[in-house]
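> The following block contains the structure, expressed as structure tokens.
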Amino acid sequence: MNLIAILTIILGLLYAFLIFAFSRGWRKLKPFGSENNQEIKPGFFVSIVIAARNEEKNIGSCLNDLLDQDFPSGNFEIIVVDDHSEDATALLVHKNIQSNAHLKLISLADLTNEAYGKKAAIAAGVALARGELIITTDADCRFTNQWLKTMVAYYQRFRPAMIIGPVSFFPQRSFWGKFMELEFISLVAAGAGALALKRPMMCNGANLAFTREAFSAVNIYKENIKWASGDDMFLMHGIRKKYGASAIHFLMAAPAIVRTWPPKSLKGFLAQRKRWGSKTRAYPQTFTAAVAVVVFLNSLILLSTSVLSVFSPALMFAVFAGWVLKTLSDFMLIFPASAFFNRRYLMPWFIPFQAVHVLYIVVAALSGLFSGFQWKGRRL
């Protein structure tokens, strides 16, 4: 067996070990049911902060869902921070403010011309927030009317410094749409599984709660302002460093699922993943970077040996073993997660997903090394 074949099997085993570990972590998570909901404690107040830029097509639906929450309006506020929008986002928020006193609008442009980007928007919103618990979400998200009640009930019962809420994409019809759904499910499940093993690895600002005390204590944004996005991840790593991994929880509850739209095109999808991956090397925890390296190297060598095996039959066994290891481990993670997100109907696409997933990992990683990206009209 030559060196390439040995490397293929070794990396396949490393990848499978990681994914099997994450799937074990996912199975350890305990569902948080409606029977755990409690009466809101007197005086308890929660703030929802939304950083919005050019979201006129989505902000109305988002606010309608939030204003329709099964939660006392006197116990929460919604703060929309307009990040220099060039459309009617601010105007649409203003129209809702007239009939909803607990809805507020902040304009970054009114604070300072130098403040822009999601980190600055969230920091501005948190600075004016009144809540003990602060929840961030995005302007293109939709919610069940039990979302806020479930998030608050979990916090009041367990008192973590941070709650990572579940996020999924709206159902898609196209092949690429279904691929993005499956890939996103795998990311959320891997992050939740890693967290259950006390290895916080990823989270999503579309559904993220944290205490005011924790946000102030870590003061993480100033140190990482140069990085595009990362508002959620840098905060998570800062809280882990300050309070320990046990202070960060994943909320396994269907009513708490936030739904959002995937990127509109494959190009947009790759740009999003490049943006997410651009700050990996800045994370203080090496585990996250190590996982990313293993996933990339396994995909690269699996793709390479699959091509080389056409000319070198001696590689066929290693290629077969590599694909089996990846497919089985991915299935053990995605299958139970797809049930939680009510996306079991995506599983017939799982095998095609495997082939595309390897190619996508390699292309996204390599393109991120040699090109920048745009987000909301900004070159980053």
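Chain labels A, B, ... are given in the sequence in which chains occur in the structure tokens; within each chain residues are numbered consecutively from 1, and ligands are likewise numbered from 1 in the order shown.
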Given only C-alpha atoms, how would the per-residue table for region 59-174 of chain A near region 234-240 of chain A read, listing every residue at most 12 Å away with its closest atom pair and distance in Å to one decimal, sorted by chain and number, as a tab-separated table?


```
residue	atom	partner	partner_atom	distance
A:Lys119	CA	A:Phe234	CA	10.0
A:Ile122	CA	A:Leu235	CA	11.3
A:Ala123	CA	A:Leu235	CA	11.3
A:Thr136	CA	A:Leu235	CA	11.8
A:Pro160	CA	A:Ile239	CA	10.5
A:Ala161	CA	A:Ile239	CA	7.4
A:Met162	CA	A:Met236	CA	7.6
A:Ile163	CA	A:Met236	CA	9.6
A:Ile164	CA	A:Met236	CA	9.1
```

> Might you pull out every residue within 10 Å of region 325-338 of chain A, with only C-alpha atoms counted and same-chain residues fewer than 3 positions away left off, and present them as a PyMOL selection string?

chain A and resi 9+11-27+181-190+193+298-299+302+319-322+341-347+350-351+353-355+358

> So, with only C-alpha atoms as the atoms that count, which of A:Gln69, A:Ala52, A:Ser174, A:Ser306 lies closest to Ala120 (chain A)?

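Selected residue with least distance to Ala120 (chain A): A:Ala52.
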
> If we count only C-alpha atoms and set the cut-off at 8 Å, which residues sit around Lys149 (chain A), ignoring sequence neighbours fewer than 2 positions away in its own chain? Please answer as an mmCIF file with C-alpha atoms, in the first residue's frame.


```
data_model
loop_
_atom_site.group_PDB
_atom_site.id
_atom_site.type_symbol
_atom_site.label_atom_id
_atom_site.label_comp_id
_atom_site.auth_asym_id
_atom_site.auth_seq_id
_atom_site.Cartn_x
_atom_site.Cartn_y
_atom_site.Cartn_z
ATOM 1 C CA ASN A 37 -42.142 26.432 30.509
ATOM 2 C CA GLN A 69 -44.944 36.219 20.422
ATOM 3 C CA ASP A 70 -46.867 34.468 23.191
ATOM 4 C CA PHE A 71 -45.023 36.583 25.737
ATOM 5 C CA GLN A 146 -43.475 30.078 21.307
ATOM 6 C CA TRP A 147 -39.878 30.964 20.438
ATOM 7 C CA MET A 151 -35.761 30.659 25.194
ATOM 8 C CA VAL A 152 -36.639 32.508 28.396
ATOM 9 C CA ALA A 153 -37.973 29.373 30.126
#
```
